[in-house]
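K.L.:
Structure file target.cif (mmCIF, C-alpha atoms) right here:
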data_work
#
loop_
_atom_site.label_atom_id
_atom_site.label_comp_id
_atom_site.auth_asym_id
_atom_site.auth_seq_id
_atom_site.Cartn_x
_atom_site.Cartn_y
_atom_site.Cartn_z
CA MET U 1 0.00 0.00 0.00
CA LYS U 2 2.85 2.41 0.74
CA LEU U 3 4.41 1.68 -2.68
CA ASN U 4 1.16 2.53 -4.44
CA LYS U 5 1.01 6.00 -2.80
CA ILE U 6 4.58 6.79 -3.89
CA SER U 7 3.81 5.64 -7.43
CA LEU U 8 0.71 7.83 -7.55
CA LEU U 9 2.61 10.92 -6.40
CA PHE U 10 5.29 10.29 -9.04
CA VAL U 11 2.67 10.06 -11.80
CA LEU U 12 1.06 13.34 -10.67
CA PHE U 13 4.48 15.05 -10.66
CA LEU U 14 5.20 13.94 -14.25
CA GLY U 15 1.78 15.20 -15.35
CA ALA U 16 2.42 18.69 -13.88
CA CYS U 17 5.80 18.98 -15.61
CA SER U 18 4.30 17.98 -18.95
CA SER U 19 1.56 20.63 -18.60
CA LYS U 20 4.14 23.40 -17.91
CA GLU U 21 6.22 22.41 -20.96
CA ASN U 22 3.16 22.53 -23.22
CA LYS U 23 2.21 26.02 -21.98
CA SER U 24 5.73 27.43 -22.42
CA SER U 25 6.05 26.10 -25.98
CA ALA U 26 2.77 27.60 -27.19
CA VAL U 27 3.13 30.45 -29.74
CA PRO U 28 0.53 33.28 -29.60
CA THR U 29 -1.40 33.76 -32.83
CA ASP U 30 -1.19 37.59 -32.62
CA THR U 31 2.63 37.86 -32.58
CA ILE U 32 4.04 40.83 -34.69
CA SER U 33 7.31 40.24 -36.49
CA ILE U 34 10.35 42.50 -35.90
CA ASP U 35 10.25 43.66 -39.52
CA THR U 36 6.64 44.79 -39.14
CA VAL U 37 7.44 46.83 -36.03
CA ALA U 38 10.44 48.46 -37.69
CA THR U 39 8.35 49.43 -40.71
CA ALA U 40 5.61 50.91 -38.55
CA THR U 41 7.97 53.10 -36.49
CA THR U 42 10.37 54.27 -39.20
CA GLU U 43 10.06 58.02 -39.89
CA PRO U 44 9.64 59.10 -43.52
CA GLN U 45 12.88 60.18 -45.18
CA ASP U 46 13.28 63.39 -47.18
CA GLU U 47 14.42 63.47 -50.78
CA LEU U 48 17.55 65.59 -50.34
CA ASN U 49 20.67 63.75 -51.41
CA PRO U 50 23.91 65.76 -51.18
CA THR U 51 26.34 65.50 -54.06
CA GLY U 52 29.90 66.75 -54.40
CA ASP U 53 30.65 69.48 -51.88
CA GLU U 54 27.05 69.99 -50.72
CA ILE U 55 26.40 69.91 -46.98
CA ARG U 56 23.14 68.62 -45.50
CA GLU U 57 21.53 70.54 -42.61
CA PHE U 58 18.37 70.77 -40.53
CA GLY U 59 17.28 73.98 -38.80
CA LEU U 60 14.54 76.39 -37.79
CA LEU U 61 13.68 79.14 -40.28
CA LYS U 62 13.55 82.47 -38.46
CA GLU U 63 13.38 85.06 -41.25
CA VAL U 64 13.22 85.45 -45.03
CA GLU U 65 14.63 88.70 -46.42
CA ASP U 66 14.44 89.95 -50.00
CA SER U 67 17.94 90.88 -51.18
CA GLY U 68 16.92 91.84 -54.72
CA TYR U 69 15.36 89.30 -57.08
CA PRO U 70 16.24 86.47 -57.46
CA ILE U 71 18.26 86.51 -54.21
CA LEU U 72 16.78 85.80 -50.77
CA THR U 73 18.62 85.79 -47.45
CA LEU U 74 17.42 83.17 -44.96
CA THR U 75 18.12 83.36 -41.25
CA ILE U 76 18.21 79.82 -39.86
CA GLU U 77 18.61 78.87 -36.22
CA PHE U 78 20.10 75.64 -34.88
CA PRO U 79 18.64 75.47 -31.33
CA GLU U 80 20.62 72.43 -30.17
CA ARG U 81 23.90 74.16 -31.05
CA LYS U 82 22.62 77.58 -29.93
CA ILE U 83 23.78 79.30 -33.11
CA THR U 84 22.17 81.24 -35.96
CA GLU U 85 23.53 81.44 -39.51
CA TYR U 86 22.65 83.36 -42.67
CA PHE U 87 22.16 81.61 -46.00
CA THR U 88 21.74 82.90 -49.54
CA LEU U 89 19.15 81.37 -51.86
CA ASN U 90 18.96 82.07 -55.59
CA LEU U 91 15.38 81.43 -56.72
CA GLU U 92 16.52 80.76 -60.29
CA GLU U 93 19.15 78.18 -59.34
CA VAL U 94 17.89 76.33 -56.25
CA LYS U 95 16.75 72.74 -56.87
CA SER U 96 13.34 72.91 -55.15
CA LYS U 97 9.85 73.22 -56.60
CA ASP U 98 8.64 75.01 -53.45
CA ALA U 99 11.37 77.66 -53.57
CA GLU U 100 9.07 80.66 -54.00
CA PRO U 101 9.07 83.80 -51.80
CA THR U 102 5.47 83.32 -50.60
CA ILE U 103 5.95 79.64 -49.75
CA LEU U 104 9.27 80.25 -47.98
CA ARG U 105 7.80 83.06 -45.87
CA ASN U 106 4.96 80.73 -44.84
CA TRP U 107 7.62 78.32 -43.59
CA THR U 108 8.89 80.88 -41.06
CA GLY U 109 8.89 79.32 -37.60
CA LYS U 110 9.12 75.78 -39.01
CA TYR U 111 11.96 73.30 -39.39
CA LEU U 112 13.62 72.84 -42.77
CA SER U 113 15.90 70.28 -44.37
CA PHE U 114 18.31 71.77 -46.88
CA LEU U 115 21.56 71.39 -48.78
CA TYR U 116 24.11 74.17 -49.09
CA LYS U 117 27.62 74.97 -50.25
CA SER U 118 30.04 77.04 -48.20
CA GLU U 119 32.65 79.05 -50.07
CA LEU U 120 34.86 82.08 -49.55
CA GLN U 121 33.97 85.26 -51.41
CA ASN U 122 35.88 88.51 -51.74
CA ALA U 123 33.85 91.36 -50.23
CA LEU U 124 34.98 94.74 -51.58
CA LEU U 125 34.90 97.39 -48.85
CA ASP U 126 36.35 100.42 -50.58
CA VAL U 127 38.12 101.55 -53.73
CA ARG U 128 40.43 104.56 -53.59
CA VAL U 129 42.26 106.80 -56.02
CA ASN U 130 45.06 108.95 -54.59
CA GLY U 131 43.85 108.07 -51.09
CA LYS U 132 40.26 109.22 -51.73
CA SER U 133 37.30 106.84 -51.77
CA ILE U 134 35.38 106.51 -55.03
CA THR U 135 32.71 104.28 -53.50
CA SER U 136 31.31 106.59 -50.81
CA ASP U 137 31.16 110.28 -49.97
CA GLU U 138 31.59 109.38 -46.31
CA LYS U 139 34.71 108.01 -44.67
CA VAL U 140 34.99 104.24 -44.87
CA ASP U 141 36.50 102.78 -41.71
CA LEU U 142 38.77 99.83 -42.32
CA ASN U 143 40.11 97.47 -39.68
CA PRO U 144 43.78 96.43 -39.71
CA GLU U 145 42.95 92.92 -40.95
CA VAL U 146 41.55 93.98 -44.34
CA LYS U 147 43.43 92.95 -47.47
CA LYS U 148 44.59 95.27 -50.23
CA ILE U 149 45.12 94.94 -53.95
CA VAL U 150 46.69 97.60 -56.17
CA GLY U 151 45.86 97.38 -59.85
CA VAL U 152 43.69 98.38 -62.79
CA LEU U 153 39.93 98.58 -62.25
CA SER U 154 37.75 96.97 -64.93
CA GLY U 155 34.08 96.09 -65.37
CA ALA U 156 32.86 99.45 -64.02
CA THR U 157 31.51 100.55 -67.39
CA GLU U 158 28.24 101.92 -66.02
CA GLU U 159 26.54 102.71 -62.74
CA THR U 160 24.66 99.73 -61.33
CA PRO U 161 21.05 100.19 -62.49
CA GLY U 162 19.12 97.67 -60.39
CA ASP U 163 18.90 96.02 -56.97
CA LEU U 164 21.64 93.49 -57.65
CA PRO U 165 25.34 94.37 -57.63
CA GLY U 166 27.45 94.21 -60.75
CA THR U 167 30.83 92.50 -61.03
CA VAL U 168 34.04 94.53 -61.14
CA SER U 169 37.63 93.37 -61.20
CA ILE U 170 41.01 94.68 -60.09
CA THR U 171 44.10 93.25 -61.81
CA SER U 172 47.53 93.76 -60.26
CA LYS U 173 50.75 94.23 -62.21
CA ASP U 174 51.53 90.58 -61.43
CA ASN U 175 48.33 89.59 -63.30
CA VAL U 176 46.50 88.65 -60.12
CA LYS U 177 42.85 89.32 -60.89
CA LEU U 178 40.18 89.54 -58.19
CA ASP U 179 36.47 89.75 -58.94
CA PHE U 180 34.01 91.54 -56.68
CA ASP U 181 30.24 91.84 -56.57
CA PHE U 182 29.66 95.55 -55.99
CA PHE U 183 27.30 98.43 -56.70
CA VAL U 184 29.18 100.59 -59.19
CA THR U 185 29.17 104.33 -58.43
CA PRO U 186 29.58 107.15 -60.99
CA GLN U 187 33.06 107.81 -59.54
CA MET U 188 34.01 104.20 -60.23
CA VAL U 189 32.84 104.55 -63.83
CA ASN U 190 35.18 107.52 -64.21
CA ALA U 191 38.05 105.45 -62.75
CA ASN U 192 37.42 102.41 -64.95
CA ASN U 193 40.59 101.11 -66.66
CA THR U 194 42.80 103.18 -64.34
CA LYS U 195 45.00 102.33 -61.36
CA VAL U 196 43.15 102.04 -58.04
CA VAL U 197 43.61 100.58 -54.57
CA GLY U 198 40.98 98.07 -53.49
CA TYR U 199 40.35 97.05 -49.89
CA TYR U 200 38.52 93.78 -49.29
CA GLU U 201 37.79 90.92 -46.91
CA GLU U 202 37.37 87.20 -47.48
CA ARG U 203 33.98 86.20 -46.13
CA PRO U 204 32.29 82.79 -46.01
CA ALA U 205 29.13 82.52 -48.10
CA ASN U 206 26.54 79.82 -47.42
CA ILE U 207 24.56 79.16 -50.60
CA ILE U 208 21.46 76.94 -50.41
CA THR U 209 21.16 74.53 -53.35
CA ALA U 210 18.04 72.58 -52.30
CA ILE U 211 15.42 73.07 -49.59
CA GLN U 212 12.20 71.55 -48.30
CA LEU U 213 9.90 71.66 -45.32
CA SER U 214 10.90 68.99 -42.80
CA LYS U 215 8.53 66.02 -42.67
#
Could you render the structure from this file as structure tokens?

P.N.:
Amino acid sequence: MKLNKISLLFVLFLGACSSKENKSSAVPTDTISIDTVATATTEPQDELNPTGDEIREFGLLKEVEDSGYPILTLTIEFPERKITEYFTLNLEEVKSKDAEPTILRNWTGKYLSFLYKSELQNALLDVRVNGKSITSDEKVDLNPEVKKIVGVLSGATEETPGDLPGTVSITSKDNVKLDFDFFVTPQMVNANNTKVVGYYEERPANIITAIQLSK
């Protein structure tokens, strides 16, 4: 009789273990695969693909300023880096279907994805003949770091008629030629093809090549 009780307990123990194994090996019918979850949570990607020397950025548009058609100046803030930068956008060259003044102004206060190129440009500060400025009737203050080129002025054939600067050049006796975007004055027209002294700075220019509203 004692043997029978032990045998019965052993049988019950085996039955309990078998039940636990069956429960743990069951697969729920509503399981979602990893691939499905990844697809559901992936954010949509934009269509901006940098090429060559283009740089990709993401920032908050703060202001759109008309700098004379087709040029706009965009003020873009990067809150995480706590910096603000200025970018130039040429409406006739930018690769974006939404690059229109009205649309861009409506994007103010929103985040943008964009591509841009950063390059150095020569900014002409003053042109002088015999120590006298031919670009301004007022004194032009120059800091000690400005650069200077002495040579023949060319390209100043007429006073700049519109809102965009013309391009003038100064060529030194060593045949070093520098081009400048500048609003030509009547005094510069009179000095065209003569020896002048040009004062300039090298400034970085950030030029947007493609832009879109961030998704």

K.L.:
For the file shown, what are the residues hit by the PyMOL selection byres ((chain U and resi 92) around 12), laid out as number ranges by chain?

P.N.:
U: 69-72, 89-91, 93-101, 208-210

K.L.:
Write the residues you've just listed into a file as a PDB file, in the coordinates of the input, and include C-alpha atoms for each of them.

P.N.:
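out.pdb written:
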ATOM      1  CA  TYR U  69      15.360  89.300 -57.080  1.00  0.00           C
ATOM      2  CA  PRO U  70      16.240  86.470 -57.460  1.00  0.00           C
ATOM      3  CA  ILE U  71      18.260  86.510 -54.210  1.00  0.00           C
ATOM      4  CA  LEU U  72      16.780  85.800 -50.770  1.00  0.00           C
ATOM      5  CA  LEU U  89      19.150  81.370 -51.860  1.00  0.00           C
ATOM      6  CA  ASN U  90      18.960  82.070 -55.590  1.00  0.00           C
ATOM      7  CA  LEU U  91      15.380  81.430 -56.720  1.00  0.00           C
ATOM      8  CA  GLU U  93      19.150  78.180 -59.340  1.00  0.00           C
ATOM      9  CA  VAL U  94      17.890  76.330 -56.250  1.00  0.00           C
ATOM     10  CA  LYS U  95      16.750  72.740 -56.870  1.00  0.00           C
ATOM     11  CA  SER U  96      13.340  72.910 -55.150  1.00  0.00           C
ATOM     12  CA  LYS U  97       9.850  73.220 -56.600  1.00  0.00           C
ATOM     13  CA  ASP U  98       8.640  75.010 -53.450  1.00  0.00           C
ATOM     14  CA  ALA U  99      11.370  77.660 -53.570  1.00  0.00           C
ATOM     15  CA  GLU U 100       9.070  80.660 -54.000  1.00  0.00           C
ATOM     16  CA  PRO U 101       9.070  83.800 -51.800  1.00  0.00           C
ATOM     17  CA  ILE U 208      21.460  76.940 -50.410  1.00  0.00           C
ATOM     18  CA  THR U 209      21.160  74.530 -53.350  1.00  0.00           C
ATOM     19  CA  ALA U 210      18.040  72.580 -52.300  1.00  0.00           C
TER      20      ALA U 210
END

K.L.:
Considering all atoms listed in the file, state which residue in the set U:Pro161, U:Pro50, U:Gly68, U:Gly151 is at the smallest distance from Asp174 of chain U.

P.N.:
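Of all the options, U:Gly151 lies closest to Asp174 of chain U.
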
K.L.:
Mind giving me the straight-line distance from atom CA of Val129 of chain U to atom CA of Gly155 of chain U in Å, one decimal?

P.N.:
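Atom CA of Val129 of chain U sits 16.4 Å away from atom CA of Gly155 of chain U.
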
K.L.:
Under the rule that all atoms listed in the file are counted, which of U:Leu124, U:Leu213, U:Val140, U:Phe183 is the nearest residue to Thr108 of chain U?

P.N.:
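Closest to Thr108 of chain U of all the choices is U:Leu213.
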
K.L.:
Select, from U:Asn192, U:Ala156, U:Phe180, U:Leu74, the residue with the minimum atom-to-atom distance to Phe114 of chain U, counting only C-alpha atoms.

P.N.:
U:Leu74

K.L.:
Around the point (20.3, 70.7, -49.3) in the file's coordinates, collect all residues with an atom within 12 Å, using all atoms listed in the file, and return them as a count of residues only.

P.N.:
35

K.L.:
Which is closer to Asp126 of chain U than all the others in U:Glu65, U:Thr84, U:Thr194, U:Val146, using all atoms listed in the file?

P.N.:
U:Val146

K.L.:
Closest to Leu178 of chain U among U:Arg105, U:Thr73, U:Asn122, U:Ser136, using only C-alpha atoms?

P.N.:
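Closest to Leu178 of chain U of all the choices is U:Asn122.
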
K.L.:
Here's the selection I'm unsure about, the PyMOL selection byres ((chain U and resi 77) around 8); applied to the file above, which residues does it give, as a short mmCIF file (atom, residue, chain, number, x, y, z; two decimals) with C-alpha atoms, in the frame of the given file?

P.N.:
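Saved to result.cif:
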data_model
loop_
_atom_site.label_atom_id
_atom_site.label_comp_id
_atom_site.auth_asym_id
_atom_site.auth_seq_id
_atom_site.Cartn_x
_atom_site.Cartn_y
_atom_site.Cartn_z
CA GLY U 59 17.28 73.98 -38.80
CA LEU U 60 14.54 76.39 -37.79
CA LEU U 61 13.68 79.14 -40.28
CA LYS U 62 13.55 82.47 -38.46
CA THR U 75 18.12 83.36 -41.25
CA ILE U 76 18.21 79.82 -39.86
CA PHE U 78 20.10 75.64 -34.88
CA PRO U 79 18.64 75.47 -31.33
CA LYS U 82 22.62 77.58 -29.93
CA ILE U 83 23.78 79.30 -33.11
CA THR U 84 22.17 81.24 -35.96
CA GLU U 85 23.53 81.44 -39.51
#

K.L.:
Can you tell me how far atom CA of Lys132 of chain U sits from atom CA of Leu120 of chain U, in Å to one decimal?

P.N.:
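Atom-to-atom, atom CA of Lys132 of chain U to atom CA of Leu120 of chain U, that is 27.8 Å.
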
K.L.:
Return the single residue from U:Asp137, U:Pro144, U:Arg128, U:Gly166 that is closest to Lys195 of chain U, with distances computed using all atoms listed in the file.

P.N.:
U:Arg128

K.L.:
What is the distance, in Å and to one decimal place, between atom CA of Ile134 of chain U and atom CA of Asp66 of chain U?

P.N.:
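A separation of 27.2 Å between them.
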
K.L.:
For Gln121 of chain U, please output as a list in words all residues within 10 Å (counting only C-alpha atoms; exclusion window: fewer than 4 positions along the same chain).

P.N.:
Asp179, Phe180, Asp181, Tyr200, Glu201, Glu202, Arg203, Pro204 and Ala205 of chain U

K.L.:
Could you tell me, as a list in words, which residues have any atom at most 7 Å from (43.2, 99.3, -54.0), counting all atoms listed in the file?

P.N.:
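Final list of nearby residues, as requested, is Val127, Arg128, Lys148, Ile149, Val150, Gly151, Val196, Val197, Gly198 and Tyr199 of chain U.
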
K.L.:
Check what the PyMOL selection byres ((chain U and resi 184) around 9) selects in the file above and give those residues as a PDB file with C-alpha atoms, in the frame of the given file.

P.N.:
ATOM      1  CA  THR U 135      32.710 104.280 -53.500  1.00  0.00           C
ATOM      2  CA  ALA U 156      32.860  99.450 -64.020  1.00  0.00           C
ATOM      3  CA  THR U 157      31.510 100.550 -67.390  1.00  0.00           C
ATOM      4  CA  GLU U 158      28.240 101.920 -66.020  1.00  0.00           C
ATOM      5  CA  GLU U 159      26.540 102.710 -62.740  1.00  0.00           C
ATOM      6  CA  THR U 160      24.660  99.730 -61.330  1.00  0.00           C
ATOM      7  CA  PRO U 161      21.050 100.190 -62.490  1.00  0.00           C
ATOM      8  CA  PRO U 165      25.340  94.370 -57.630  1.00  0.00           C
ATOM      9  CA  GLY U 166      27.450  94.210 -60.750  1.00  0.00           C
ATOM     10  CA  THR U 167      30.830  92.500 -61.030  1.00  0.00           C
ATOM     11  CA  VAL U 168      34.040  94.530 -61.140  1.00  0.00           C
ATOM     12  CA  PHE U 182      29.660  95.550 -55.990  1.00  0.00           C
ATOM     13  CA  PHE U 183      27.300  98.430 -56.700  1.00  0.00           C
ATOM     14  CA  THR U 185      29.170 104.330 -58.430  1.00  0.00           C
ATOM     15  CA  PRO U 186      29.580 107.150 -60.990  1.00  0.00           C
ATOM     16  CA  GLN U 187      33.060 107.810 -59.540  1.00  0.00           C
ATOM     17  CA  MET U 188      34.010 104.200 -60.230  1.00  0.00           C
ATOM     18  CA  VAL U 189      32.840 104.550 -63.830  1.00  0.00           C
TER      19      VAL U 189
END

K.L.:
Rebuild all heavy atoms on segment 186-197 of chain U, as a PDB file, in the coordinates of the input?

P.N.:
ATOM      1  N   PRO U 186      29.102 106.327 -59.867  1.00  0.00           N
ATOM      2  CA  PRO U 186      29.580 107.150 -60.990  1.00  0.00           C
ATOM      3  C   PRO U 186      31.076 107.422 -60.915  1.00  0.00           C
ATOM      4  O   PRO U 186      31.751 107.477 -61.955  1.00  0.00           O
ATOM      5  CB  PRO U 186      28.772 108.454 -60.818  1.00  0.00           C
ATOM      6  CG  PRO U 186      27.534 108.039 -60.087  1.00  0.00           C
ATOM      7  CD  PRO U 186      27.967 106.952 -59.161  1.00  0.00           C
ATOM      8  N   GLN U 187      31.624 107.578 -59.697  1.00  0.00           N
ATOM      9  CA  GLN U 187      33.060 107.810 -59.540  1.00  0.00           C
ATOM     10  C   GLN U 187      33.873 106.597 -59.996  1.00  0.00           C
ATOM     11  O   GLN U 187      34.981 106.742 -60.537  1.00  0.00           O
ATOM     12  CB  GLN U 187      33.384 108.153 -58.088  1.00  0.00           C
ATOM     13  CG  GLN U 187      32.803 109.467 -57.602  1.00  0.00           C
ATOM     14  CD  GLN U 187      31.374 109.308 -57.075  1.00  0.00           C
ATOM     15  OE1 GLN U 187      30.732 108.272 -57.265  1.00  0.00           O
ATOM     16  NE2 GLN U 187      30.884 110.359 -56.420  1.00  0.00           N
ATOM     17  N   MET U 188      33.322 105.407 -59.784  1.00  0.00           N
ATOM     18  CA  MET U 188      34.010 104.200 -60.230  1.00  0.00           C
ATOM     19  C   MET U 188      33.997 104.106 -61.753  1.00  0.00           C
ATOM     20  O   MET U 188      34.969 103.624 -62.361  1.00  0.00           O
ATOM     21  CB  MET U 188      33.373 102.953 -59.599  1.00  0.00           C
ATOM     22  CG  MET U 188      33.588 102.829 -58.105  1.00  0.00           C
ATOM     23  SD  MET U 188      32.732 101.399 -57.379  1.00  0.00           S
ATOM     24  CE  MET U 188      33.659 100.037 -58.105  1.00  0.00           C
ATOM     25  N   VAL U 189      32.909 104.536 -62.369  1.00  0.00           N
ATOM     26  CA  VAL U 189      32.840 104.550 -63.830  1.00  0.00           C
ATOM     27  C   VAL U 189      33.948 105.444 -64.402  1.00  0.00           C
ATOM     28  O   VAL U 189      34.625 105.091 -65.372  1.00  0.00           O
ATOM     29  CB  VAL U 189      31.457 105.024 -64.318  1.00  0.00           C
ATOM     30  CG1 VAL U 189      31.435 105.158 -65.840  1.00  0.00           C
ATOM     31  CG2 VAL U 189      30.368 104.060 -63.854  1.00  0.00           C
ATOM     32  N   ASN U 190      34.136 106.585 -63.764  1.00  0.00           N
ATOM     33  CA  ASN U 190      35.180 107.520 -64.210  1.00  0.00           C
ATOM     34  C   ASN U 190      36.589 106.931 -64.032  1.00  0.00           C
ATOM     35  O   ASN U 190      37.516 107.295 -64.761  1.00  0.00           O
ATOM     36  CB  ASN U 190      35.080 108.840 -63.456  1.00  0.00           C
ATOM     37  CG  ASN U 190      33.801 109.601 -63.782  1.00  0.00           C
ATOM     38  OD1 ASN U 190      33.241 109.454 -64.875  1.00  0.00           O
ATOM     39  ND2 ASN U 190      33.327 110.407 -62.835  1.00  0.00           N
ATOM     40  N   ALA U 191      36.737 106.042 -63.040  1.00  0.00           N
ATOM     41  CA  ALA U 191      38.050 105.450 -62.750  1.00  0.00           C
ATOM     42  C   ALA U 191      38.265 104.126 -63.454  1.00  0.00           C
ATOM     43  O   ALA U 191      39.325 103.495 -63.287  1.00  0.00           O
ATOM     44  CB  ALA U 191      38.212 105.271 -61.248  1.00  0.00           C
ATOM     45  N   ASN U 192      37.293 103.692 -64.255  1.00  0.00           N
ATOM     46  CA  ASN U 192      37.420 102.410 -64.950  1.00  0.00           C
ATOM     47  C   ASN U 192      38.641 102.414 -65.868  1.00  0.00           C
ATOM     48  O   ASN U 192      38.943 103.405 -66.551  1.00  0.00           O
ATOM     49  CB  ASN U 192      36.161 102.132 -65.756  1.00  0.00           C
ATOM     50  CG  ASN U 192      36.057 100.675 -66.191  1.00  0.00           C
ATOM     51  OD1 ASN U 192      36.301  99.765 -65.403  1.00  0.00           O
ATOM     52  ND2 ASN U 192      35.690 100.463 -67.448  1.00  0.00           N
ATOM     53  N   ASN U 193      39.369 101.292 -65.857  1.00  0.00           N
ATOM     54  CA  ASN U 193      40.590 101.110 -66.660  1.00  0.00           C
ATOM     55  C   ASN U 193      41.761 101.985 -66.173  1.00  0.00           C
ATOM     56  O   ASN U 193      42.705 102.244 -66.935  1.00  0.00           O
ATOM     57  CB  ASN U 193      40.341 101.381 -68.143  1.00  0.00           C
ATOM     58  CG  ASN U 193      39.387 100.366 -68.751  1.00  0.00           C
ATOM     59  OD1 ASN U 193      39.418  99.186 -68.407  1.00  0.00           O
ATOM     60  ND2 ASN U 193      38.526 100.828 -69.657  1.00  0.00           N
ATOM     61  N   THR U 194      41.690 102.431 -64.925  1.00  0.00           N
ATOM     62  CA  THR U 194      42.800 103.180 -64.340  1.00  0.00           C
ATOM     63  C   THR U 194      43.272 102.483 -63.072  1.00  0.00           C
ATOM     64  O   THR U 194      42.614 101.572 -62.549  1.00  0.00           O
ATOM     65  CB  THR U 194      42.398 104.632 -64.016  1.00  0.00           C
ATOM     66  OG1 THR U 194      41.389 104.623 -62.991  1.00  0.00           O
ATOM     67  CG2 THR U 194      41.863 105.342 -65.244  1.00  0.00           C
ATOM     68  N   LYS U 195      44.414 102.940 -62.555  1.00  0.00           N
ATOM     69  CA  LYS U 195      45.000 102.330 -61.360  1.00  0.00           C
ATOM     70  C   LYS U 195      44.237 102.767 -60.108  1.00  0.00           C
ATOM     71  O   LYS U 195      43.991 103.954 -59.887  1.00  0.00           O
ATOM     72  CB  LYS U 195      46.463 102.725 -61.236  1.00  0.00           C
ATOM     73  CG  LYS U 195      47.197 102.072 -60.081  1.00  0.00           C
ATOM     74  CD  LYS U 195      48.657 102.489 -60.063  1.00  0.00           C
ATOM     75  CE  LYS U 195      49.410 101.873 -58.890  1.00  0.00           C
ATOM     76  NZ  LYS U 195      50.839 102.277 -58.875  1.00  0.00           N
ATOM     77  N   VAL U 196      43.872 101.780 -59.277  1.00  0.00           N
ATOM     78  CA  VAL U 196      43.150 102.040 -58.040  1.00  0.00           C
ATOM     79  C   VAL U 196      43.727 101.162 -56.936  1.00  0.00           C
ATOM     80  O   VAL U 196      44.529 100.262 -57.187  1.00  0.00           O
ATOM     81  CB  VAL U 196      41.631 101.743 -58.183  1.00  0.00           C
ATOM     82  CG1 VAL U 196      40.993 102.616 -59.262  1.00  0.00           C
ATOM     83  CG2 VAL U 196      41.410 100.252 -58.480  1.00  0.00           C
ATOM     84  N   VAL U 197      43.279 101.435 -55.719  1.00  0.00           N
ATOM     85  CA  VAL U 197      43.610 100.580 -54.570  1.00  0.00           C
ATOM     86  C   VAL U 197      42.307 100.032 -54.027  1.00  0.00           C
ATOM     87  O   VAL U 197      41.405 100.802 -53.659  1.00  0.00           O
ATOM     88  CB  VAL U 197      44.356 101.359 -53.476  1.00  0.00           C
ATOM     89  CG1 VAL U 197      44.681 100.432 -52.303  1.00  0.00           C
ATOM     90  CG2 VAL U 197      45.632 101.980 -54.024  1.00  0.00           C
TER      91      VAL U 197
END
